[in-house]
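Note: the block below is query_26.cif and it holds mmCIF, N, CA and C atoms.
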data_entry
#
loop_
_atom_site.label_atom_id
_atom_site.label_comp_id
_atom_site.auth_asym_id
_atom_site.auth_seq_id
_atom_site.Cartn_x
_atom_site.Cartn_y
_atom_site.Cartn_z
N MET A 29 0.82 -1.19 0.00
CA MET A 29 0.00 0.00 0.00
C MET A 29 0.86 1.25 0.00
N LEU A 30 1.90 1.27 0.82
CA LEU A 30 2.79 2.41 0.90
C LEU A 30 3.51 2.62 -0.43
N THR A 31 3.85 1.56 -1.10
CA THR A 31 4.53 1.64 -2.38
C THR A 31 3.62 2.27 -3.43
N ASN A 32 2.35 1.90 -3.46
CA ASN A 32 1.41 2.49 -4.41
C ASN A 32 1.24 3.98 -4.17
N ARG A 33 1.24 4.39 -2.92
CA ARG A 33 1.12 5.81 -2.59
C ARG A 33 2.35 6.57 -3.09
N LYS A 34 3.54 6.02 -2.93
CA LYS A 34 4.77 6.67 -3.42
C LYS A 34 4.74 6.81 -4.94
N VAL A 35 4.28 5.76 -5.59
CA VAL A 35 4.19 5.80 -7.05
C VAL A 35 3.19 6.87 -7.49
N LEU A 36 2.06 6.93 -6.83
CA LEU A 36 1.03 7.92 -7.17
C LEU A 36 1.55 9.34 -6.93
N VAL A 37 2.18 9.58 -5.79
CA VAL A 37 2.73 10.91 -5.48
C VAL A 37 3.80 11.27 -6.49
N SER A 38 4.65 10.34 -6.82
CA SER A 38 5.70 10.57 -7.80
C SER A 38 5.11 10.92 -9.16
N LEU A 39 4.08 10.21 -9.57
CA LEU A 39 3.41 10.47 -10.84
C LEU A 39 2.78 11.86 -10.86
N VAL A 40 2.08 12.22 -9.78
CA VAL A 40 1.45 13.54 -9.69
C VAL A 40 2.51 14.64 -9.75
N LEU A 41 3.60 14.48 -9.02
CA LEU A 41 4.67 15.49 -9.05
C LEU A 41 5.30 15.61 -10.42
N THR A 42 5.45 14.51 -11.11
CA THR A 42 6.00 14.53 -12.47
C THR A 42 5.08 15.29 -13.42
N VAL A 43 3.78 15.06 -13.31
CA VAL A 43 2.81 15.76 -14.17
C VAL A 43 2.84 17.26 -13.87
N ILE A 44 2.86 17.62 -12.60
CA ILE A 44 2.90 19.05 -12.23
C ILE A 44 4.18 19.69 -12.74
N ALA A 45 5.30 19.03 -12.57
CA ALA A 45 6.57 19.56 -13.06
C ALA A 45 6.55 19.73 -14.57
N SER A 46 5.94 18.83 -15.28
CA SER A 46 5.83 18.92 -16.74
C SER A 46 5.08 20.17 -17.16
N PHE A 47 4.00 20.49 -16.45
CA PHE A 47 3.25 21.71 -16.77
C PHE A 47 4.10 22.95 -16.57
N PHE A 48 4.92 22.98 -15.53
CA PHE A 48 5.80 24.13 -15.30
C PHE A 48 6.82 24.27 -16.41
N VAL A 49 7.41 23.16 -16.82
CA VAL A 49 8.41 23.19 -17.89
C VAL A 49 7.79 23.67 -19.19
N VAL A 50 6.65 23.14 -19.55
CA VAL A 50 5.97 23.54 -20.78
C VAL A 50 5.50 24.99 -20.68
N GLY A 51 4.96 25.37 -19.55
CA GLY A 51 4.43 26.72 -19.37
C GLY A 51 5.50 27.79 -19.29
N CYS A 52 6.73 27.42 -18.97
CA CYS A 52 7.82 28.40 -18.84
C CYS A 52 8.67 28.48 -20.09
N GLY A 53 8.21 27.91 -21.18
CA GLY A 53 8.97 27.92 -22.42
C GLY A 53 9.12 29.33 -22.96
N GLU A 54 10.03 29.48 -23.93
CA GLU A 54 10.23 30.79 -24.55
C GLU A 54 9.03 31.14 -25.41
N TYR A 55 8.80 32.43 -25.53
CA TYR A 55 7.75 32.90 -26.42
C TYR A 55 8.27 34.16 -27.09
N ASP A 56 7.70 34.47 -28.24
CA ASP A 56 8.14 35.62 -29.01
C ASP A 56 7.48 36.89 -28.49
N LEU A 57 8.32 37.87 -28.18
CA LEU A 57 7.80 39.18 -27.81
C LEU A 57 7.47 39.93 -29.09
N PRO A 58 6.51 40.81 -29.05
CA PRO A 58 6.22 41.58 -30.26
C PRO A 58 7.41 42.48 -30.60
N ALA A 59 7.72 42.57 -31.88
CA ALA A 59 8.83 43.40 -32.34
C ALA A 59 8.49 44.87 -32.15
N VAL A 60 9.50 45.65 -31.76
CA VAL A 60 9.35 47.09 -31.63
C VAL A 60 10.06 47.73 -32.82
N ALA A 61 9.29 48.37 -33.69
CA ALA A 61 9.82 48.93 -34.94
C ALA A 61 10.59 50.23 -34.69
N VAL A 62 11.60 50.45 -35.53
CA VAL A 62 12.35 51.70 -35.51
C VAL A 62 11.48 52.80 -36.11
N THR A 63 11.48 53.97 -35.47
CA THR A 63 10.70 55.09 -36.01
C THR A 63 11.58 56.20 -36.56
N ALA A 64 12.85 56.26 -36.13
CA ALA A 64 13.75 57.32 -36.61
C ALA A 64 15.19 56.99 -36.26
N VAL A 65 16.10 57.67 -36.95
CA VAL A 65 17.53 57.61 -36.61
C VAL A 65 18.09 59.02 -36.79
N ALA A 66 19.06 59.38 -35.95
CA ALA A 66 19.67 60.71 -36.04
C ALA A 66 21.16 60.59 -35.80
N ILE A 67 21.94 61.26 -36.63
CA ILE A 67 23.38 61.36 -36.40
C ILE A 67 23.57 62.38 -35.30
N ASP A 68 24.28 61.99 -34.24
CA ASP A 68 24.41 62.84 -33.06
C ASP A 68 25.24 64.09 -33.31
N GLN A 69 26.17 64.04 -34.26
CA GLN A 69 27.00 65.20 -34.58
C GLN A 69 26.40 65.92 -35.79
N GLY A 70 26.64 67.21 -35.87
CA GLY A 70 26.18 67.97 -37.03
C GLY A 70 27.19 67.88 -38.16
N ASN A 71 27.05 68.77 -39.13
CA ASN A 71 28.00 68.82 -40.25
C ASN A 71 29.42 68.93 -39.71
N GLN A 72 30.37 68.32 -40.44
CA GLN A 72 31.75 68.24 -39.98
C GLN A 72 32.71 68.83 -41.02
N THR A 73 33.79 69.42 -40.51
CA THR A 73 34.91 69.85 -41.35
C THR A 73 36.15 69.19 -40.78
N LEU A 74 36.87 68.49 -41.64
CA LEU A 74 38.10 67.86 -41.17
C LEU A 74 39.18 67.93 -42.23
N ALA A 75 40.41 67.90 -41.77
CA ALA A 75 41.55 67.97 -42.68
C ALA A 75 41.73 66.63 -43.39
N LYS A 76 42.28 66.70 -44.60
CA LYS A 76 42.58 65.49 -45.35
C LYS A 76 43.45 64.59 -44.48
N GLY A 77 43.07 63.32 -44.38
CA GLY A 77 43.82 62.36 -43.58
C GLY A 77 43.35 62.24 -42.15
N ASN A 78 42.59 63.21 -41.66
CA ASN A 78 42.07 63.14 -40.30
C ASN A 78 40.77 62.35 -40.27
N THR A 79 40.37 61.97 -39.06
CA THR A 79 39.14 61.20 -38.90
C THR A 79 38.25 61.84 -37.85
N VAL A 80 36.98 61.49 -37.91
CA VAL A 80 36.01 61.88 -36.89
C VAL A 80 35.08 60.69 -36.69
N GLN A 81 34.74 60.43 -35.43
CA GLN A 81 33.84 59.33 -35.11
C GLN A 81 32.41 59.85 -34.99
N LEU A 82 31.52 59.32 -35.81
CA LEU A 82 30.11 59.68 -35.74
C LEU A 82 29.35 58.61 -34.97
N THR A 83 28.27 59.02 -34.33
CA THR A 83 27.39 58.08 -33.65
C THR A 83 25.96 58.37 -34.08
N ALA A 84 25.14 57.35 -34.00
CA ALA A 84 23.73 57.50 -34.39
C ALA A 84 22.85 57.03 -33.24
N THR A 85 21.74 57.73 -33.06
CA THR A 85 20.75 57.34 -32.06
C THR A 85 19.51 56.84 -32.78
N VAL A 86 19.12 55.60 -32.45
CA VAL A 86 17.93 54.98 -33.03
C VAL A 86 16.77 55.17 -32.06
N THR A 87 15.61 55.54 -32.59
CA THR A 87 14.40 55.74 -31.80
C THR A 87 13.36 54.72 -32.23
N PRO A 88 12.64 54.13 -31.28
CA PRO A 88 12.76 54.28 -29.83
C PRO A 88 13.98 53.51 -29.31
N SER A 89 14.38 53.85 -28.12
CA SER A 89 15.58 53.24 -27.55
C SER A 89 15.42 51.74 -27.31
N HIS A 90 14.19 51.27 -27.23
CA HIS A 90 13.94 49.84 -27.01
C HIS A 90 13.51 49.13 -28.30
N ALA A 91 13.91 49.70 -29.46
CA ALA A 91 13.60 49.05 -30.74
C ALA A 91 14.24 47.67 -30.78
N SER A 92 13.58 46.76 -31.44
CA SER A 92 14.06 45.38 -31.50
C SER A 92 15.37 45.25 -32.27
N ASP A 93 15.53 45.99 -33.36
CA ASP A 93 16.74 45.91 -34.19
C ASP A 93 17.27 47.32 -34.40
N LYS A 94 18.31 47.68 -33.64
CA LYS A 94 18.87 49.03 -33.72
C LYS A 94 20.12 49.08 -34.61
N SER A 95 20.33 48.07 -35.44
CA SER A 95 21.52 48.06 -36.29
C SER A 95 21.40 49.09 -37.41
N VAL A 96 22.57 49.66 -37.79
CA VAL A 96 22.62 50.68 -38.83
C VAL A 96 23.77 50.39 -39.78
N THR A 97 23.68 51.01 -40.95
CA THR A 97 24.78 50.99 -41.91
C THR A 97 25.15 52.43 -42.24
N TRP A 98 26.42 52.65 -42.53
CA TRP A 98 26.93 53.97 -42.88
C TRP A 98 27.38 53.97 -44.33
N SER A 99 27.24 55.12 -45.00
CA SER A 99 27.72 55.23 -46.38
C SER A 99 28.13 56.67 -46.68
N SER A 100 29.01 56.79 -47.66
CA SER A 100 29.47 58.09 -48.12
C SER A 100 28.95 58.31 -49.53
N GLY A 101 28.49 59.53 -49.79
CA GLY A 101 28.01 59.87 -51.13
C GLY A 101 29.13 59.91 -52.15
N ASN A 102 30.37 60.13 -51.70
CA ASN A 102 31.52 60.18 -52.60
C ASN A 102 32.75 59.72 -51.82
N THR A 103 33.12 58.47 -51.98
CA THR A 103 34.24 57.92 -51.22
C THR A 103 35.59 58.50 -51.64
N ALA A 104 35.66 59.21 -52.77
CA ALA A 104 36.90 59.89 -53.14
C ALA A 104 37.12 61.10 -52.24
N VAL A 105 36.04 61.65 -51.68
CA VAL A 105 36.13 62.82 -50.80
C VAL A 105 36.31 62.39 -49.35
N ALA A 106 35.45 61.48 -48.89
CA ALA A 106 35.53 60.98 -47.52
C ALA A 106 34.96 59.57 -47.47
N THR A 107 35.63 58.71 -46.72
CA THR A 107 35.14 57.35 -46.52
C THR A 107 34.55 57.24 -45.13
N VAL A 108 33.69 56.25 -44.94
CA VAL A 108 33.11 56.01 -43.62
C VAL A 108 33.11 54.51 -43.37
N SER A 109 33.55 54.12 -42.19
CA SER A 109 33.61 52.70 -41.83
C SER A 109 32.24 52.22 -41.36
N GLY A 110 32.15 50.92 -41.13
CA GLY A 110 30.91 50.32 -40.66
C GLY A 110 30.51 50.77 -39.27
N ILE A 111 31.44 51.39 -38.52
CA ILE A 111 31.10 51.89 -37.18
C ILE A 111 30.99 53.41 -37.14
N GLY A 112 31.01 54.07 -38.33
CA GLY A 112 30.79 55.51 -38.39
C GLY A 112 32.04 56.37 -38.30
N ARG A 113 33.24 55.80 -38.50
CA ARG A 113 34.46 56.60 -38.48
C ARG A 113 34.70 57.15 -39.88
N VAL A 114 34.71 58.50 -40.00
CA VAL A 114 34.86 59.18 -41.28
C VAL A 114 36.31 59.63 -41.44
N THR A 115 36.87 59.40 -42.62
CA THR A 115 38.24 59.82 -42.95
C THR A 115 38.20 60.74 -44.14
N GLY A 116 38.83 61.92 -44.00
CA GLY A 116 38.92 62.86 -45.11
C GLY A 116 39.92 62.37 -46.15
N GLU A 117 39.52 62.35 -47.42
CA GLU A 117 40.37 61.82 -48.48
C GLU A 117 40.85 62.89 -49.46
N THR A 118 39.98 63.86 -49.83
CA THR A 118 40.32 64.85 -50.85
C THR A 118 40.02 66.24 -50.33
N ALA A 119 41.07 67.07 -50.25
CA ALA A 119 40.90 68.44 -49.75
C ALA A 119 40.09 69.29 -50.73
N GLY A 120 39.32 70.22 -50.17
CA GLY A 120 38.56 71.16 -50.98
C GLY A 120 37.23 70.64 -51.49
N SER A 121 36.78 69.55 -50.97
CA SER A 121 35.53 68.95 -51.42
C SER A 121 34.64 68.60 -50.23
N SER A 122 33.38 68.33 -50.52
CA SER A 122 32.47 67.87 -49.48
C SER A 122 31.62 66.73 -50.01
N THR A 123 31.06 65.97 -49.08
CA THR A 123 30.20 64.85 -49.45
C THR A 123 29.17 64.64 -48.35
N THR A 124 28.17 63.87 -48.67
CA THR A 124 27.12 63.53 -47.72
C THR A 124 27.42 62.18 -47.10
N ILE A 125 27.34 62.12 -45.78
CA ILE A 125 27.45 60.87 -45.04
C ILE A 125 26.04 60.50 -44.58
N THR A 126 25.66 59.25 -44.83
CA THR A 126 24.32 58.78 -44.51
C THR A 126 24.38 57.62 -43.54
N VAL A 127 23.47 57.62 -42.57
CA VAL A 127 23.25 56.45 -41.72
C VAL A 127 21.85 55.95 -42.03
N ALA A 128 21.70 54.61 -42.12
CA ALA A 128 20.40 54.01 -42.42
C ALA A 128 20.16 52.85 -41.48
N THR A 129 18.93 52.74 -40.98
CA THR A 129 18.58 51.63 -40.11
C THR A 129 18.28 50.39 -40.95
N THR A 130 18.62 49.24 -40.40
CA THR A 130 18.28 47.98 -41.06
C THR A 130 16.77 47.78 -41.02
N ASP A 131 16.17 48.08 -39.89
CA ASP A 131 14.73 47.96 -39.72
C ASP A 131 14.07 49.25 -40.19
N GLY A 132 13.32 49.17 -41.25
CA GLY A 132 12.52 50.31 -41.70
C GLY A 132 13.22 51.27 -42.64
N GLY A 133 14.55 51.16 -42.80
CA GLY A 133 15.26 52.02 -43.74
C GLY A 133 15.20 53.50 -43.40
N LYS A 134 15.11 53.85 -42.13
CA LYS A 134 15.11 55.26 -41.72
C LYS A 134 16.52 55.82 -41.93
N THR A 135 16.64 57.08 -42.34
CA THR A 135 17.96 57.65 -42.64
C THR A 135 18.12 59.04 -42.03
N ASP A 136 19.39 59.42 -41.90
CA ASP A 136 19.78 60.78 -41.55
C ASP A 136 21.09 61.06 -42.26
N THR A 137 21.36 62.33 -42.54
CA THR A 137 22.58 62.69 -43.26
C THR A 137 23.25 63.91 -42.63
N ILE A 138 24.55 64.02 -42.87
CA ILE A 138 25.30 65.24 -42.57
C ILE A 138 26.24 65.49 -43.74
N GLU A 139 26.75 66.70 -43.81
CA GLU A 139 27.74 67.04 -44.81
C GLU A 139 29.12 67.04 -44.16
N VAL A 140 30.09 66.49 -44.87
CA VAL A 140 31.48 66.49 -44.40
C VAL A 140 32.31 67.23 -45.44
N THR A 141 32.99 68.28 -44.99
CA THR A 141 33.87 69.07 -45.84
C THR A 141 35.30 68.75 -45.47
N VAL A 142 36.14 68.48 -46.47
CA VAL A 142 37.54 68.13 -46.24
C VAL A 142 38.39 69.32 -46.63
N THR A 143 39.26 69.76 -45.68
CA THR A 143 40.17 70.89 -45.92
C THR A 143 41.56 70.35 -46.24
N GLY A 144 42.56 71.25 -46.28
CA GLY A 144 43.93 70.89 -46.60
C GLY A 144 44.49 69.76 -45.75
N ASP A 145 45.73 69.40 -46.05
CA ASP A 145 46.37 68.29 -45.34
C ASP A 145 46.41 68.51 -43.84
N ALA A 146 46.38 67.38 -43.10
CA ALA A 146 46.49 67.43 -41.64
C ALA A 146 47.86 67.96 -41.26
N LEU A 147 47.91 68.66 -40.15
CA LEU A 147 49.18 69.22 -39.68
C LEU A 147 50.06 68.15 -39.07
#

Re-express the file's structure as structure tokens.
Amino acid sequence: MLTNRKVLVSLVLTVIASFFVVGCGEYDLPAVAVTAVAIDQGNQTLAKGNTVQLTATVTPSHASDKSVTWSSGNTAVATVSGIGRVTGETAGSSTTITVATTDGGKTDTIEVTVTGDAL
């Protein structure tokens, strides 16, 4: 009799534990879409060969995918790395630097003017 009670209690505990495991599984949270992106710095002037680090703020701050890409309108004038570091290439010219969000394709731009050689 005692053995049957242990088996029954063990079975009941196993069933209860199974419900907790199944009920605590992962679930998908609703995605939070990007509504805007802004380059934190304004237009820039830098000497040929010098660099400036740009940063971008994605809105809302709790967006699901805050990844961005950077591009230069004219890489002969200024290049920009994947993390927003701009390098002046040709003195006396300017170009547009663009940041774009992966989610939603939101964009912002600034102008970068390159002056004479770095000192």

Item to check | Which residue of A:Gly112, A:Ala64, A:Leu57, A:Thr97 approaches Leu82 (chain A) most closely, using only N, CA and C atoms | outcome: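 Among A:Gly112, A:Ala64, A:Leu57, A:Thr97, it is A:Gly112 that comes nearest to Leu82 (chain A).
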
Item to check | Matched chain/residue IDs from the PyMOL selection byres ((chain A and resi 76-79) around 6), as a list of chain:residue names | outcome: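 Given this file, the PyMOL selection byres ((chain A and resi 76-79) around 6) evaluates to A:Leu74, A:Ala75, A:Val80, A:Gln81, A:Val114, A:Thr115, A:Gly116, A:Glu117, A:Thr118, A:Ala119, A:Val142, A:Thr143, A:Gly144, A:Asp145, A:Ala146.
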
Item to check | Pick from A:Ile44, A:Ala59, A:Ile67, A:Leu36, whichever lies nearest to Lys134 (chain A) using only C-alpha atoms | outcome: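 Result for the nearest residue to Lys134 (chain A): A:Ile67.
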
Which neighbours of Thr85 (chain A) fall inside 8 Å, counting all atoms listed in the file, when residues of the same chain fewer than 6 positions from it are skipped, and could you give them as a PDB file with N, CA and C atoms, in the frame of the given file?
ATOM      1  N   ALA A  64      12.850  56.260 -36.130  1.00  0.00           N
ATOM      2  CA  ALA A  64      13.750  57.320 -36.610  1.00  0.00           C
ATOM      3  C   ALA A  64      15.190  56.990 -36.260  1.00  0.00           C
ATOM      4  N   VAL A  65      16.100  57.670 -36.950  1.00  0.00           N
ATOM      5  CA  VAL A  65      17.530  57.610 -36.610  1.00  0.00           C
ATOM      6  C   VAL A  65      18.090  59.020 -36.790  1.00  0.00           C
ATOM      7  N   ALA A  66      19.060  59.380 -35.950  1.00  0.00           N
ATOM      8  CA  ALA A  66      19.670  60.710 -36.040  1.00  0.00           C
ATOM      9  C   ALA A  66      21.160  60.590 -35.800  1.00  0.00           C
ATOM     10  N   ILE A  67      21.940  61.260 -36.630  1.00  0.00           N
ATOM     11  CA  ILE A  67      23.380  61.360 -36.400  1.00  0.00           C
ATOM     12  C   ILE A  67      23.570  62.380 -35.300  1.00  0.00           C
ATOM     13  N   ASP A  68      24.280  61.990 -34.240  1.00  0.00           N
ATOM     14  CA  ASP A  68      24.410  62.840 -33.060  1.00  0.00           C
ATOM     15  C   ASP A  68      25.240  64.090 -33.310  1.00  0.00           C
ATOM     16  N   GLN A  69      26.170  64.040 -34.260  1.00  0.00           N
ATOM     17  CA  GLN A  69      27.000  65.200 -34.580  1.00  0.00           C
ATOM     18  C   GLN A  69      26.400  65.920 -35.790  1.00  0.00           C
ATOM     19  N   LYS A  94      18.310  47.680 -33.640  1.00  0.00           N
ATOM     20  CA  LYS A  94      18.870  49.030 -33.720  1.00  0.00           C
ATOM     21  C   LYS A  94      20.120  49.080 -34.610  1.00  0.00           C
TER      22      LYS A  94
END

Next on the checklist: Measuring between all atoms listed in the file, which one of A:Ala61, A:Ile111, A:Val40, A:Val35 shows the shortest distance to Pro88 (chain A)?
Outcome noted: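 Looking only at the distances to Pro88 (chain A), the closest residue turns out to be A:Ala61.
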
Checklist entry - Just so the selection is clear, what residues does the PyMOL selection byres ((chain A and resi 98-102) around 6.5) cover here, as a list in words? => result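 Selected by the PyMOL selection byres ((chain A and resi 98-102) around 6.5) here: Val96, Thr97, Thr103, Ala104, Val105, Ala106, Thr107, Val108, Ser109, Gly110, Gly112, Thr123, Thr124, Ile125, Thr126, Val127 and Ala128 of chain A.
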
Checklist entry - Contacts of Ser89 (chain A) at 10 Å or less, counting only C-alpha atoms, minus same-chain residues fewer than 3 places along, as a list of chain:residue names? => result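 My reading of the contact set: A:Val60, A:Val62, A:Thr63, A:Thr85, A:Val86, A:Ser92, A:Asp93, A:Lys94.
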
Item to check | atom N of Thr135 (chain A) to atom C of Ala91 (chain A), distance in Å rounded to a single decimal | outcome: 15.1 Å

Checklist entry - Counting all atoms listed in the file, which of A:Asn32, A:Thr141, A:Asp136, A:Pro58 gets nearest to Ser121 (chain A)? => result A:Thr141

Checklist entry - What is the atom C of Gly120 (chain A)-CA of Thr73 (chain A) distance in Å, reported with one decimal? => result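 Distance between the two atoms: 10.4 Å.
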
Checklist entry - Hey, can you check how far atom C of Leu39 (chain A) sits from atom N of Asp56 (chain A)? => result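 So the two atoms, atom C of Leu39 (chain A) and atom N of Asp56 (chain A), lie 28.9 Å apart.
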
Checklist entry - Looking only at the backbone, which of the residues in region 50-147 of chain A does DSSP tag as strand (DSSP E or B), as a VMD selection string? => result chain A and resid 64 to 67 72 to 76 79 to 81 84 to 87 96 to 100 106 to 108 113 to 116 121 to 129 135 to 145
